[in-house]
file protein01.txt (compact mmCIF, C-alpha atoms)
# COMPACT_ATOMS: atom_id res chain seq x y z
CA MET A 1 0.00 0.00 0.00
CA TYR A 2 2.91 2.32 0.74
CA GLN A 3 5.15 1.54 -2.20
CA ASN A 4 7.37 4.58 -1.64
CA LEU A 5 7.98 3.97 2.07
CA LEU A 6 11.01 1.67 1.79
CA PRO A 7 12.86 3.47 -1.03
CA ARG A 8 12.16 6.77 0.72
CA PHE A 9 13.59 5.47 3.98
CA LEU A 10 16.67 4.00 2.29
CA LYS A 11 17.33 7.32 0.57
CA TYR A 12 17.06 9.19 3.84
CA VAL A 13 19.41 6.96 5.84
CA LYS A 14 22.08 7.15 3.14
CA THR A 15 22.13 10.93 3.64
CA GLU A 16 24.55 11.88 6.43
CA THR A 17 22.92 14.24 8.98
CA ARG A 18 24.80 13.72 12.23
CA SER A 19 24.46 16.61 14.68
CA ASP A 20 27.42 18.21 16.49
CA HIS A 21 27.18 19.22 20.15
CA THR A 22 30.24 21.47 19.83
CA SER A 23 28.67 23.62 17.10
CA LYS A 24 27.27 27.08 17.78
CA THR A 25 25.02 27.17 14.69
CA THR A 26 21.41 26.12 14.15
CA PRO A 27 21.24 23.52 12.70
CA SER A 28 24.52 22.33 14.17
CA THR A 29 25.70 20.83 10.85
CA GLN A 30 25.37 21.89 7.24
CA THR A 31 24.39 18.35 6.23
CA GLN A 32 21.14 18.88 8.12
CA VAL A 33 20.55 22.14 6.26
CA ALA A 34 21.03 20.38 2.92
CA PHE A 35 18.73 17.53 3.99
CA ALA A 36 16.08 19.99 5.12
CA HIS A 37 16.03 21.63 1.69
CA GLU A 38 15.66 18.21 0.05
CA LEU A 39 12.74 17.39 2.33
CA ALA A 40 11.14 20.73 1.46
CA LYS A 41 11.34 19.87 -2.23
CA GLU A 42 9.79 16.47 -1.59
CA LEU A 43 6.97 17.93 0.50
CA ALA A 44 6.12 20.29 -2.35
CA ALA A 45 6.36 17.47 -4.89
CA ILE A 46 3.81 15.26 -3.08
CA GLY A 47 1.36 18.17 -2.91
CA MET A 48 1.80 19.70 0.54
CA GLN A 49 1.11 23.41 0.90
CA ASP A 50 2.85 26.27 2.74
CA VAL A 51 6.19 24.47 2.55
CA HIS A 52 8.75 26.54 4.41
CA TYR A 53 12.32 26.20 5.67
CA ASN A 54 12.93 28.39 8.70
CA GLU A 55 16.53 29.57 8.64
CA THR A 56 16.33 30.66 12.27
CA ASN A 57 15.45 27.29 13.79
CA GLY A 58 16.22 24.80 10.99
CA PHE A 59 12.70 23.34 10.83
CA VAL A 60 10.94 22.41 7.60
CA THR A 61 7.18 22.79 7.93
CA ALA A 62 4.25 22.16 5.61
CA THR A 63 0.45 21.99 5.65
CA LEU A 64 -2.14 19.51 4.47
CA PRO A 65 -5.36 21.59 4.46
CA SER A 66 -8.57 20.22 5.95
CA ASN A 67 -10.88 18.43 3.53
CA THR A 68 -13.89 18.29 5.82
CA GLU A 69 -16.53 20.92 6.59
CA LYS A 70 -16.53 19.85 10.23
CA ASP A 71 -14.82 22.04 12.79
CA VAL A 72 -12.13 19.65 14.01
CA ARG A 73 -8.89 20.15 15.86
CA SER A 74 -5.68 20.60 13.90
CA ILE A 75 -2.86 18.07 14.36
CA GLY A 76 0.90 18.24 13.97
CA PHE A 77 3.28 15.38 13.23
CA ILE A 78 6.95 15.96 14.04
CA ALA A 79 10.22 14.06 13.48
CA HIS A 80 13.89 14.96 13.70
CA MET A 81 16.49 14.95 10.94
CA ASP A 82 19.73 14.40 12.86
CA THR A 83 21.35 11.15 13.91
CA ALA A 84 23.22 10.40 17.10
CA ASP A 85 26.87 10.54 18.12
CA PHE A 86 28.05 7.47 16.20
CA ASN A 87 29.54 6.99 12.76
CA ALA A 88 26.87 8.00 10.22
CA THR A 89 29.01 8.37 7.08
CA ASN A 90 28.41 6.00 4.16
CA VAL A 91 25.46 4.21 5.71
CA ASN A 92 24.97 0.99 3.77
CA PRO A 93 21.61 -0.55 4.78
CA GLN A 94 21.06 -4.26 4.34
CA ILE A 95 17.64 -5.79 3.68
CA ILE A 96 16.73 -9.17 5.15
CA GLU A 97 13.43 -10.37 3.75
CA ASN A 98 11.20 -12.84 5.56
CA TYR A 99 13.41 -13.06 8.63
CA ASP A 100 12.72 -16.31 10.49
CA GLY A 101 12.92 -14.86 14.00
CA THR A 102 15.78 -17.07 15.19
CA SER A 103 18.73 -16.85 12.79
CA THR A 104 21.85 -14.83 13.47
CA ILE A 105 22.23 -11.94 11.03
CA PRO A 106 25.84 -11.12 10.08
CA LEU A 107 26.31 -7.39 9.63
CA ASP A 108 29.86 -7.09 8.30
CA LYS A 109 31.55 -9.46 5.84
CA GLU A 110 33.99 -10.70 8.46
CA GLY A 111 31.19 -11.63 10.86
CA LYS A 112 32.63 -9.58 13.70
CA TYR A 113 29.29 -7.93 14.34
CA THR A 114 26.01 -9.85 14.32
CA LEU A 115 22.39 -9.45 15.29
CA ASN A 116 21.48 -12.53 17.31
CA VAL A 117 18.58 -13.50 19.52
CA ALA A 118 20.82 -14.15 22.54
CA ASP A 119 21.96 -10.51 22.65
CA PHE A 120 18.84 -8.96 21.13
CA PRO A 121 15.80 -11.07 22.11
CA ASN A 122 13.35 -8.65 20.46
CA LEU A 123 14.42 -10.14 17.12
CA LYS A 124 11.98 -12.96 17.89
CA ASN A 125 9.14 -10.46 17.39
CA TYR A 126 9.98 -10.01 13.71
CA ALA A 127 9.51 -13.49 12.28
CA GLY A 128 8.25 -13.25 8.70
CA GLN A 129 9.08 -9.55 8.41
CA THR A 130 11.53 -7.53 6.34
CA LEU A 131 14.37 -6.10 8.43
CA ILE A 132 16.65 -3.21 7.48
CA THR A 133 20.00 -3.37 9.30
CA THR A 134 23.40 -1.71 9.14
CA ASP A 135 26.56 -3.21 7.65
CA GLY A 136 28.22 -3.06 11.07
CA SER A 137 30.28 0.06 10.43
CA THR A 138 27.66 2.77 11.06
CA LEU A 139 24.37 3.38 12.77
CA LEU A 140 21.26 3.03 10.60
CA GLY A 141 19.45 6.31 11.28
CA ALA A 142 15.98 4.88 11.83
CA ASP A 143 16.09 7.28 14.77
CA ASP A 144 14.46 9.29 13.39
CA LYS A 145 14.44 8.93 9.63
CA SER A 146 11.85 6.21 9.99
CA GLY A 147 9.62 8.87 11.56
CA ILE A 148 10.26 11.28 8.68
CA ALA A 149 9.56 8.56 6.10
CA GLU A 150 6.34 7.57 7.88
CA ILE A 151 5.02 11.12 8.09
CA MET A 152 5.94 11.87 4.48
CA THR A 153 4.33 8.64 3.28
CA ALA A 154 1.17 9.21 5.33
CA MET A 155 0.76 12.70 3.86
CA GLU A 156 1.30 11.31 0.35
CA PHE A 157 -1.37 8.67 1.03
CA LEU A 158 -3.92 11.16 2.38
CA ILE A 159 -3.39 13.43 -0.62
CA ALA A 160 -3.95 10.47 -2.95
CA HIS A 161 -7.10 9.42 -1.04
CA PRO A 162 -9.29 12.50 -0.53
CA GLU A 163 -12.17 10.23 0.47
CA ILE A 164 -10.44 9.97 3.87
CA LYS A 165 -11.68 13.05 5.68
CA HIS A 166 -9.30 14.91 7.98
CA GLY A 167 -8.78 18.29 9.58
CA LYS A 168 -5.78 20.53 9.03
CA ILE A 169 -2.51 18.67 9.43
CA ARG A 170 0.86 20.31 9.89
CA VAL A 171 4.19 18.50 9.64
CA ALA A 172 7.60 19.57 10.94
CA PHE A 173 11.04 18.05 10.45
CA GLY A 174 13.62 19.57 12.78
CA PRO A 175 17.33 19.48 13.61
CA ASP A 176 19.53 18.63 16.57
CA GLU A 177 17.21 16.50 18.69
CA GLU A 178 20.05 14.15 19.54
CA ILE A 179 22.07 16.94 21.15
CA GLY A 180 19.06 18.21 23.08
CA VAL A 181 18.66 21.65 21.50
CA GLY A 182 16.50 21.01 18.44
CA ALA A 183 13.21 22.24 19.89
CA ASP A 184 14.67 25.22 21.76
CA LYS A 185 13.82 27.57 18.90
CA PHE A 186 10.70 25.80 17.64
CA ASP A 187 8.03 28.29 16.55
CA ALA A 188 5.07 26.83 18.42
CA GLU A 189 2.84 29.84 17.79
CA GLY A 190 3.59 29.76 14.07
CA PHE A 191 2.96 26.01 13.84
CA GLU A 192 -0.72 26.68 14.56
CA VAL A 193 -1.98 23.29 15.73
CA ASP A 194 -4.06 22.23 18.72
CA PHE A 195 -1.84 19.27 19.53
CA ALA A 196 0.90 17.19 17.93
CA TYR A 197 2.73 13.87 18.01
CA THR A 198 6.42 13.16 17.60
CA MET A 199 7.00 9.99 15.59
CA ASP A 200 10.17 9.13 17.47
CA GLY A 201 9.48 6.06 19.58
CA GLY A 202 10.81 2.52 19.34
CA PRO A 203 8.97 -0.78 18.78
CA VAL A 204 5.39 -1.11 17.58
CA GLY A 205 2.78 0.06 20.06
CA GLU A 206 4.81 2.58 22.03
CA LEU A 207 2.69 5.55 23.09
CA GLN A 208 4.45 7.84 25.53
CA PHE A 209 3.38 10.95 27.38
CA GLU A 210 5.83 10.86 30.30
CA THR A 211 9.49 11.81 30.03
CA PHE A 212 12.24 12.53 32.50
CA ASN A 213 12.81 15.90 34.03
CA ALA A 214 16.38 16.60 32.99
CA ALA A 215 19.29 18.75 34.10
CA GLN A 216 23.05 18.85 33.63
CA ALA A 217 25.74 19.68 36.18
CA ASP A 218 29.18 20.73 34.93
CA LEU A 219 31.82 20.89 37.67
CA THR A 220 35.36 22.23 37.74
CA PHE A 221 37.76 21.24 40.53
CA HIS A 222 40.62 23.68 41.13
CA GLY A 223 43.67 22.04 42.64
CA LYS A 224 47.05 23.21 43.83
CA ASN A 225 49.84 21.39 42.04
CA VAL A 226 53.38 21.25 43.44
CA HIS A 227 56.28 18.83 43.00
CA PRO A 228 55.17 15.47 44.41
CA GLY A 229 58.45 15.15 46.26
CA THR A 230 57.60 18.13 48.46
CA ALA A 231 53.82 17.90 48.31
CA LYS A 232 53.03 16.99 51.91
CA ASP A 233 50.42 19.34 53.42
CA THR A 234 50.60 21.52 50.31
CA MET A 235 49.30 19.71 47.21
CA ILE A 236 45.57 19.64 46.54
CA ASN A 237 45.06 17.10 43.76
CA ALA A 238 42.06 18.10 41.64
CA ILE A 239 41.68 14.55 40.30
CA GLN A 240 41.48 13.11 43.81
CA MET A 241 39.05 15.85 44.80
CA ALA A 242 36.79 14.87 41.90
CA ILE A 243 37.02 11.17 42.80
CA ASP A 244 36.08 11.96 46.40
CA PHE A 245 33.17 14.03 45.11
CA GLN A 246 31.89 11.15 42.98
CA ASN A 247 32.17 8.74 45.92
CA GLU A 248 29.65 10.85 47.86
CA PHE A 249 26.87 9.91 45.41
CA PRO A 250 24.43 7.06 46.09
CA GLN A 251 26.12 4.29 44.15
CA ASN A 252 22.92 2.48 43.15
CA GLU A 253 21.23 5.55 41.63
CA VAL A 254 22.92 5.18 38.26
CA PRO A 255 21.50 4.27 34.83
CA GLU A 256 22.78 0.71 34.91
CA GLN A 257 20.92 -0.02 38.17
CA THR A 258 17.61 1.76 37.61
CA GLU A 259 14.44 1.22 35.57
CA GLY A 260 10.85 2.38 35.22
CA TYR A 261 10.23 5.51 37.26
CA GLU A 262 13.57 5.34 39.08
CA GLY A 263 15.74 8.40 38.57
CA PHE A 264 19.52 8.61 38.50
CA TYR A 265 22.74 10.59 38.41
CA HIS A 266 24.93 9.78 35.42
CA LEU A 267 28.60 10.75 35.32
CA HIS A 268 29.21 11.01 31.58
CA GLY A 269 32.38 13.08 31.44
CA PHE A 270 35.59 13.15 33.53
CA ASN A 271 38.88 14.72 32.61
CA GLY A 272 41.70 16.19 34.61
CA THR A 273 45.17 16.85 35.93
CA PRO A 274 46.28 17.53 39.51
CA GLU A 275 45.89 21.23 38.70
CA GLU A 276 42.31 21.06 37.35
CA ALA A 277 39.65 18.42 36.77
CA THR A 278 36.23 18.59 35.17
CA MET A 279 33.16 16.37 35.55
CA SER A 280 29.76 16.39 33.89
CA TYR A 281 26.63 14.75 35.26
CA ILE A 282 23.17 14.42 33.83
CA ILE A 283 20.36 14.31 36.38
CA ARG A 284 17.10 12.53 35.59
CA ASP A 285 13.83 11.88 37.40
CA HIS A 286 10.18 11.64 36.36
CA ASP A 287 8.99 13.16 39.64
CA ARG A 288 9.51 16.95 39.77
CA GLU A 289 10.05 17.06 43.56
CA LYS A 290 12.63 14.27 43.43
CA PHE A 291 14.26 16.00 40.46
CA GLU A 292 14.62 19.24 42.42
CA ALA A 293 15.98 17.28 45.37
CA ARG A 294 18.63 15.70 43.16
CA LYS A 295 19.79 19.12 41.99
CA GLN A 296 19.85 20.34 45.57
CA PHE A 297 21.96 17.33 46.58
CA ILE A 298 24.66 18.38 44.12
CA GLU A 299 24.53 22.02 45.21
CA ASN A 300 24.84 20.94 48.86
CA LEU A 301 27.75 18.66 48.01
CA VAL A 302 29.57 21.50 46.27
CA ALA A 303 29.07 23.69 49.34
CA LYS A 304 30.33 20.91 51.61
CA PHE A 305 33.50 20.47 49.56
CA ASN A 306 34.21 24.18 49.33
CA ALA A 307 33.88 24.47 53.12
CA LYS A 308 36.71 21.94 53.51
CA TYR A 309 39.33 24.01 51.70
CA ASP A 310 41.17 27.30 52.08
CA GLN A 311 39.22 28.83 49.19
CA LYS A 312 36.50 27.99 46.69
CA ARG A 313 37.84 24.89 44.98
CA VAL A 314 34.69 23.57 43.24
CA SER A 315 32.72 25.53 40.63
CA LEU A 316 29.28 24.39 39.48
CA HIS A 317 27.25 25.21 36.37
CA LEU A 318 23.84 23.58 36.85
CA PHE A 319 21.06 24.03 34.30
CA ASP A 320 17.73 22.44 33.39
CA GLN A 321 17.36 20.78 29.97
CA TYR A 322 13.69 19.74 29.74
CA TYR A 323 10.75 18.71 31.89
CA ASN A 324 8.29 15.83 32.11
CA MET A 325 5.68 16.56 29.45
CA ARG A 326 3.05 14.72 31.51
CA GLU A 327 2.56 17.99 33.43
CA VAL A 328 1.09 19.47 30.25
CA ILE A 329 -0.55 16.46 28.59
CA GLU A 330 -2.43 15.13 31.62
CA LYS A 331 -4.59 18.28 31.51
CA ASP A 332 -6.27 16.86 28.39
CA MET A 333 -5.79 13.13 27.92
CA SER A 334 -8.07 13.06 24.86
CA ILE A 335 -5.04 13.16 22.57
CA ILE A 336 -3.69 10.01 24.24
CA GLU A 337 -7.08 8.34 23.91
CA LEU A 338 -7.18 9.32 20.23
CA ALA A 339 -3.82 7.67 19.52
CA LYS A 340 -4.76 4.67 21.65
CA GLN A 341 -8.04 4.23 19.75
CA ALA A 342 -6.20 4.50 16.43
CA MET A 343 -3.82 1.72 17.43
CA GLU A 344 -6.58 -0.52 18.76
CA GLU A 345 -8.62 -0.16 15.56
CA LEU A 346 -5.49 -1.28 13.69
CA ALA A 347 -5.09 -4.29 16.01
CA ILE A 348 -1.98 -2.77 17.60
CA GLN A 349 -1.63 -3.21 21.36
CA PRO A 350 -0.74 0.19 22.87
CA ILE A 351 2.30 0.12 25.13
CA ILE A 352 2.01 3.09 27.46
CA GLU A 353 5.17 3.42 29.52
CA PRO A 354 7.33 6.34 30.69
CA VAL A 355 10.20 7.38 28.44
CA ARG A 356 13.53 7.00 30.21
CA GLY A 357 14.75 9.98 28.27
CA GLY A 358 13.21 12.91 26.48
CA THR A 359 11.84 13.86 23.09
CA ASP A 360 11.38 17.12 21.22
CA GLY A 361 7.83 16.78 22.50
CA SER A 362 9.08 17.45 26.03
CA LYS A 363 10.04 21.01 25.11
CA ILE A 364 7.28 21.58 22.56
CA SER A 365 4.65 20.60 25.14
CA PHE A 366 5.91 23.34 27.45
CA LEU A 367 5.88 25.77 24.51
CA GLY A 368 2.11 25.34 24.36
CA ILE A 369 1.47 22.35 22.07
CA PRO A 370 0.81 19.06 23.93
CA THR A 371 3.04 16.59 22.05
CA PRO A 372 3.17 12.92 23.11
CA ASN A 373 5.38 10.38 21.35
CA ILE A 374 4.38 7.48 19.06
CA PHE A 375 6.47 4.53 17.91
CA ALA A 376 8.50 4.81 14.71
CA GLY A 377 9.65 1.18 14.75
CA GLY A 378 13.40 1.24 15.33
CA GLU A 379 15.35 -0.97 17.71
CA ASN A 380 18.89 -0.69 19.19
CA MET A 381 19.15 2.98 18.29
CA HIS A 382 22.40 4.99 18.25
CA GLY A 383 24.77 2.23 17.18
CA ARG A 384 25.84 -0.42 14.73
CA PHE A 385 23.18 -2.90 15.91
CA GLU A 386 20.28 -0.62 14.98
CA TYR A 387 17.54 -2.13 12.83
CA VAL A 388 13.95 -1.51 11.85
CA SER A 389 11.19 -3.62 10.35
CA LEU A 390 9.45 -2.46 7.19
CA GLN A 391 6.17 -3.77 8.60
CA ALA A 392 6.69 -1.70 11.77
CA MET A 393 7.14 1.43 9.67
CA GLU A 394 4.00 0.55 7.71
CA LYS A 395 2.06 0.24 10.97
CA ALA A 396 3.35 3.62 12.16
CA THR A 397 2.19 5.12 8.87
CA ASP A 398 -1.20 3.45 9.37
CA VAL A 399 -1.45 5.05 12.81
CA ILE A 400 -0.83 8.55 11.42
CA VAL A 401 -3.56 8.07 8.80
CA LYS A 402 -5.96 6.58 11.34
CA ILE A 403 -5.42 9.40 13.85
CA ALA A 404 -6.22 11.94 11.14
CA GLU A 405 -9.33 10.00 10.15
CA LEU A 406 -10.63 9.49 13.71
CA ASN A 407 -9.97 13.11 14.62
CA ALA A 408 -12.27 14.21 11.78
CA LYS A 409 -15.07 12.04 13.17

call {"tool": "encode", "arguments": {"input": "protein01.txt", "output": "structure tokens"}}
result
Amino acid sequence: MYQNLLPRFLKYVKTETRSDHTSKTTPSTQTQVAFAHELAKELAAIGMQDVHYNETNGFVTATLPSNTEKDVRSIGFIAHMDTADFNATNVNPQIIENYDGTSTIPLDKEGKYTLNVADFPNLKNYAGQTLITTDGSTLLGADDKSGIAEIMTAMEFLIAHPEIKHGKIRVAFGPDEEIGVGADKFDAEGFEVDFAYTMDGGPVGELQFETFNAAQADLTFHGKNVHPGTAKDTMINAIQMAIDFQNEFPQNEVPEQTEGYEGFYHLHGFNGTPEEATMSYIIRDHDREKFEARKQFIENLVAKFNAKYDQKRVSLHLFDQYYNMREVIEKDMSIIELAKQAMEELAIQPIIEPVRGGTDGSKISFLGIPTPNIFAGGENMHGRFEYVSLQAMEKATDVIVKIAELNAK
């Protein structure tokens, strides 16, 4: 039914669009700018209206006008163009048709990297389906080019089938989601929808309206370095100071020991010399009060350490990144019920669980557009073992069409 979905997806993933957290531009890479212009051309070619590339925020937007006389709410569908911090150059997707659900899939010619059920048990869910994998040297980019392909294909389908009634639909493809800044400049007022969905989830059925509250803490430890032979009672080793600081944290509140609604502290950067050391933590919790308490814990720890020394030896830059979008969406759960009904009518079992992360929808929700997240189909995102099922992408496309149809009723 969606004959252009697979070739469209393959074309997208072969286009390099990795974001760059060190960049000061928006988008952070010129490859995203070039991709955005290509998407704008394609949106116009399939018949979308008001196609626009916003040079300020890097988003491509377009409109599918309402074809019903009913006064129905307008919907947005959003996906991101960038890929994560892993090799994304020369992506060479492999297609495995009619996968049997048990066999090991070699990725590279040497067989060094494989997809196997022992390591990736979800493979058992894809018996009889067509899988798209990497060749072991890059990520795939299904996060989130599957979402872009699904939205584009759904719009193409609705344009070709005017008998399916729908209200106004807006689409947006944006940059830099993977580095956490893509939605910072999103023009929510100019998007002009009542609610939206990001097509950026994982396996079939995911429907998410809860994300972490998120913050980052960047710390600098200022030591006093002298010759180690005469260091007694004089040297203050910044590396040791940072190690002592880390040892004050609850050791079980880390990503590798938490799940569900459990929050954590994650040390994701550590560098230093005896003279100066730096550390970076990300702080995550679904509960706003616990989130604030986690930030306060770090601030109190900094104060405790500074009180131990002759001068201020620890500097802290602590800032919020995004908040749990449930605070916004729970005020009107009808948009969750709409997506849930769409899935159920398509014989898809909704999987409603909290996101142990964030989406562009986290920020966009707080900009005034409630924006939960729907599955796009990918598995093992952000690395060489990433794969997606063609049938999963088809189901995601079905969900977009069905949401538009049900909304008009």

call {"tool": "residues_near_point", "arguments": {"input": "protein01.txt", "point": "(16.4, -1.6, 19.6)", "cutoff": "12 Å", "atoms": "all atoms listed in the file", "output": "compact mmCIF listing (two decimals) with C-alpha atoms, in the coordinates of the input"}}
result
# COMPACT_ATOMS: atom_id res chain seq x y z
CA LEU A 115 22.39 -9.45 15.29
CA ASP A 119 21.96 -10.51 22.65
CA PHE A 120 18.84 -8.96 21.13
CA PRO A 121 15.80 -11.07 22.11
CA ASN A 122 13.35 -8.65 20.46
CA LEU A 123 14.42 -10.14 17.12
CA ASN A 125 9.14 -10.46 17.39
CA THR A 133 20.00 -3.37 9.30
CA LEU A 139 24.37 3.38 12.77
CA LEU A 140 21.26 3.03 10.60
CA GLY A 141 19.45 6.31 11.28
CA ALA A 142 15.98 4.88 11.83
CA ASP A 143 16.09 7.28 14.77
CA GLY A 201 9.48 6.06 19.58
CA GLY A 202 10.81 2.52 19.34
CA PRO A 203 8.97 -0.78 18.78
CA VAL A 204 5.39 -1.11 17.58
CA PHE A 375 6.47 4.53 17.91
CA ALA A 376 8.50 4.81 14.71
CA GLY A 377 9.65 1.18 14.75
CA GLY A 378 13.40 1.24 15.33
CA GLU A 379 15.35 -0.97 17.71
CA ASN A 380 18.89 -0.69 19.19
CA MET A 381 19.15 2.98 18.29
CA HIS A 382 22.40 4.99 18.25
CA GLY A 383 24.77 2.23 17.18
CA ARG A 384 25.84 -0.42 14.73
CA PHE A 385 23.18 -2.90 15.91
CA GLU A 386 20.28 -0.62 14.98
CA TYR A 387 17.54 -2.13 12.83
CA VAL A 388 13.95 -1.51 11.85
CA SER A 389 11.19 -3.62 10.35

call {"tool": "closest_residue", "arguments": {"input": "protein01.txt", "among": "A:Lys290, A:Ala307, A:Gly190, A:His317", "to": "Gln216 (chain A)", "atoms": "all atoms listed in the file"}}
result
A:His317

call {"tool": "residues_around", "arguments": {"input": "protein01.txt", "residues": "Phe249 (chain A)", "least_positions_apart": "2", "cutoff": "12 Å", "atoms": "only C-alpha atoms", "output": "list in words"}}
result
Ala242, Ile243, Asp244, Phe245, Gln246, Asn247, Gln251, Asn252, Glu253, Val254, Phe264, Tyr265, His266, Leu267, Tyr281, Ile283, Arg294, Phe297, Ile298, Asn300, Leu301 and Val302 of chain A

call {"tool": "write_last_selection", "arguments": {"input": "protein01.txt", "atoms": "C-alpha atoms", "output": "mmCIF file, in the frame of the given file"}}
result
data_model
loop_
_atom_site.group_PDB
_atom_site.id
_atom_site.type_symbol
_atom_site.label_atom_id
_atom_site.label_comp_id
_atom_site.auth_asym_id
_atom_site.auth_seq_id
_atom_site.Cartn_x
_atom_site.Cartn_y
_atom_site.Cartn_z
ATOM 1 C CA ALA A 242 36.790 14.870 41.900
ATOM 2 C CA ILE A 243 37.020 11.170 42.800
ATOM 3 C CA ASP A 244 36.080 11.960 46.400
ATOM 4 C CA PHE A 245 33.170 14.030 45.110
ATOM 5 C CA GLN A 246 31.890 11.150 42.980
ATOM 6 C CA ASN A 247 32.170 8.740 45.920
ATOM 7 C CA GLN A 251 26.120 4.290 44.150
ATOM 8 C CA ASN A 252 22.920 2.480 43.150
ATOM 9 C CA GLU A 253 21.230 5.550 41.630
ATOM 10 C CA VAL A 254 22.920 5.180 38.260
ATOM 11 C CA PHE A 264 19.520 8.610 38.500
ATOM 12 C CA TYR A 265 22.740 10.590 38.410
ATOM 13 C CA HIS A 266 24.930 9.780 35.420
ATOM 14 C CA LEU A 267 28.600 10.750 35.320
ATOM 15 C CA TYR A 281 26.630 14.750 35.260
ATOM 16 C CA ILE A 283 20.360 14.310 36.380
ATOM 17 C CA ARG A 294 18.630 15.700 43.160
ATOM 18 C CA PHE A 297 21.960 17.330 46.580
ATOM 19 C CA ILE A 298 24.660 18.380 44.120
ATOM 20 C CA ASN A 300 24.840 20.940 48.860
ATOM 21 C CA LEU A 301 27.750 18.660 48.010
ATOM 22 C CA VAL A 302 29.570 21.500 46.270
#

call {"tool": "closest_residue", "arguments": {"input": "protein01.txt", "among": "A:Glu405, A:Glu344, A:Asp50, A:Glu55", "to": "Gly205 (chain A)", "atoms": "only C-alpha atoms"}}
result
A:Glu344

call {"tool": "atom_distance", "arguments": {"input": "protein01.txt", "atom1": "CA of Glu259 (chain A)", "atom2": "CA of Glu353 (chain A)"}}
result
11.3 Å

call {"tool": "closest_residue", "arguments": {"input": "protein01.txt", "among": "A:Ser334, A:Asn373, A:Ser315, A:Asn54", "to": "Ala172 (chain A)", "atoms": "all atoms listed in the file"}}
result
A:Asn54

call {"tool": "atom_distance", "arguments": {"input": "protein01.txt", "atom1": "CA of Phe195 (chain A)", "atom2": "CA of Arg326 (chain A)"}}
result
13.7 Å

call {"tool": "residues_around", "arguments": {"input": "protein01.txt", "residues": "region 148-156 of chain A", "least_positions_apart": "4", "cutoff": "8 Å", "atoms": "only C-alpha atoms", "output": "list of chain:residue names"}}
result
A:Tyr2, A:Asn4, A:Leu5, A:Arg8, A:Phe9, A:Tyr12, A:Leu43, A:Ile46, A:Gly47, A:Met48, A:Leu64, A:Phe77, A:Ile78, A:Ala79, A:His80, A:Met81, A:Asp144, A:Ala160, A:Val171, A:Phe173, A:Met199, A:Ala376, A:Met393, A:Glu394, A:Ala396, A:Thr397, A:Asp398, A:Ile400, A:Val401

call {"tool": "closest_residue", "arguments": {"input": "protein01.txt", "among": "A:Gln240, A:Gln3, A:Thr278, A:Asn87", "to": "Thr134 (chain A)", "atoms": "all atoms listed in the file"}}
result
A:Asn87

call {"tool": "atom_distance", "arguments": {"input": "protein01.txt", "atom1": "CA of Gly263 (chain A)", "atom2": "CA of Phe212 (chain A)"}}
result
8.1 Å

call {"tool": "closest_residue", "arguments": {"input": "protein01.txt", "among": "A:Met343, A:Leu338, A:Ala62, A:Ala196", "to": "Gly361 (chain A)", "atoms": "only C-alpha atoms"}}
result
A:Ala196

call {"tool": "residues_around", "arguments": {"input": "protein01.txt", "residues": "region 101-106 of chain A", "least_positions_apart": "4", "cutoff": "7 Å", "atoms": "all atoms listed in the file", "output": "PyMOL selection string"}}
result
chain A and resi 111+113-117+123-127

call {"tool": "closest_residue", "arguments": {"input": "protein01.txt", "among": "A:Glu38, A:Glu275, A:Asp360, A:Asp85", "to": "Asn237 (chain A)", "atoms": "all atoms listed in the file"}}
result
A:Glu275

call {"tool": "residues_near_point", "arguments": {"input": "protein01.txt", "point": "(-0.5, 23.2, 10.2)", "cutoff": "6 Å", "atoms": "all atoms listed in the file", "output": "PyMOL selection string"}}
result
chain A and resi 63+169-170+191-193

call {"tool": "residues_around", "arguments": {"input": "protein01.txt", "residues": "Gly368 (chain A)", "least_positions_apart": "5", "cutoff": "10 Å", "atoms": "only C-alpha atoms", "output": "count of residues only"}}
result
7

call {"tool": "residues_around", "arguments": {"input": "protein01.txt", "residues": "Ala238 (chain A)", "least_positions_apart": "3", "cutoff": "8 Å", "atoms": "all atoms listed in the file", "output": "list of chain:residue names"}}
result
A:Phe221, A:His222, A:Gly223, A:Lys224, A:Met241, A:Ala242, A:Gly272, A:Thr273, A:Pro274, A:Glu275, A:Glu276, A:Ala277

call {"tool": "axis_aligned_box", "arguments": {"input": "protein01.txt", "around": "region 234-239 of chain A", "padding_each_side": "6 Å", "output": "AutoDock Vina command-line options"}}
result
--center_x 46.1 --center_y 18.0 --center_z 45.3 --size_x 20.9 --size_y 19.0 --size_z 22.0

call {"tool": "build_atoms", "arguments": {"input": "protein01.txt", "residues": "region 6-10 of chain A", "atoms": "N, CA and C atoms", "output": "PDB file, in the frame of the given file"}}
result
ATOM      1  N   LEU A   6       9.669   2.249   1.663  1.00  0.00           N
ATOM      2  CA  LEU A   6      11.010   1.670   1.790  1.00  0.00           C
ATOM      3  C   LEU A   6      12.058   2.432   0.990  1.00  0.00           C
ATOM      4  N   PRO A   7      11.841   2.693  -0.302  1.00  0.00           N
ATOM      5  CA  PRO A   7      12.860   3.470  -1.030  1.00  0.00           C
ATOM      6  C   PRO A   7      13.084   4.860  -0.439  1.00  0.00           C
ATOM      7  N   ARG A   8      12.032   5.451   0.078  1.00  0.00           N
ATOM      8  CA  ARG A   8      12.160   6.770   0.720  1.00  0.00           C
ATOM      9  C   ARG A   8      13.061   6.657   1.952  1.00  0.00           C
ATOM     10  N   PHE A   9      12.792   5.662   2.775  1.00  0.00           N
ATOM     11  CA  PHE A   9      13.590   5.470   3.980  1.00  0.00           C
ATOM     12  C   PHE A   9      15.058   5.194   3.645  1.00  0.00           C
ATOM     13  N   LEU A  10      15.294   4.334   2.672  1.00  0.00           N
ATOM     14  CA  LEU A  10      16.670   4.000   2.290  1.00  0.00           C
ATOM     15  C   LEU A  10      17.415   5.240   1.785  1.00  0.00           C
TER      16      LEU A  10
END
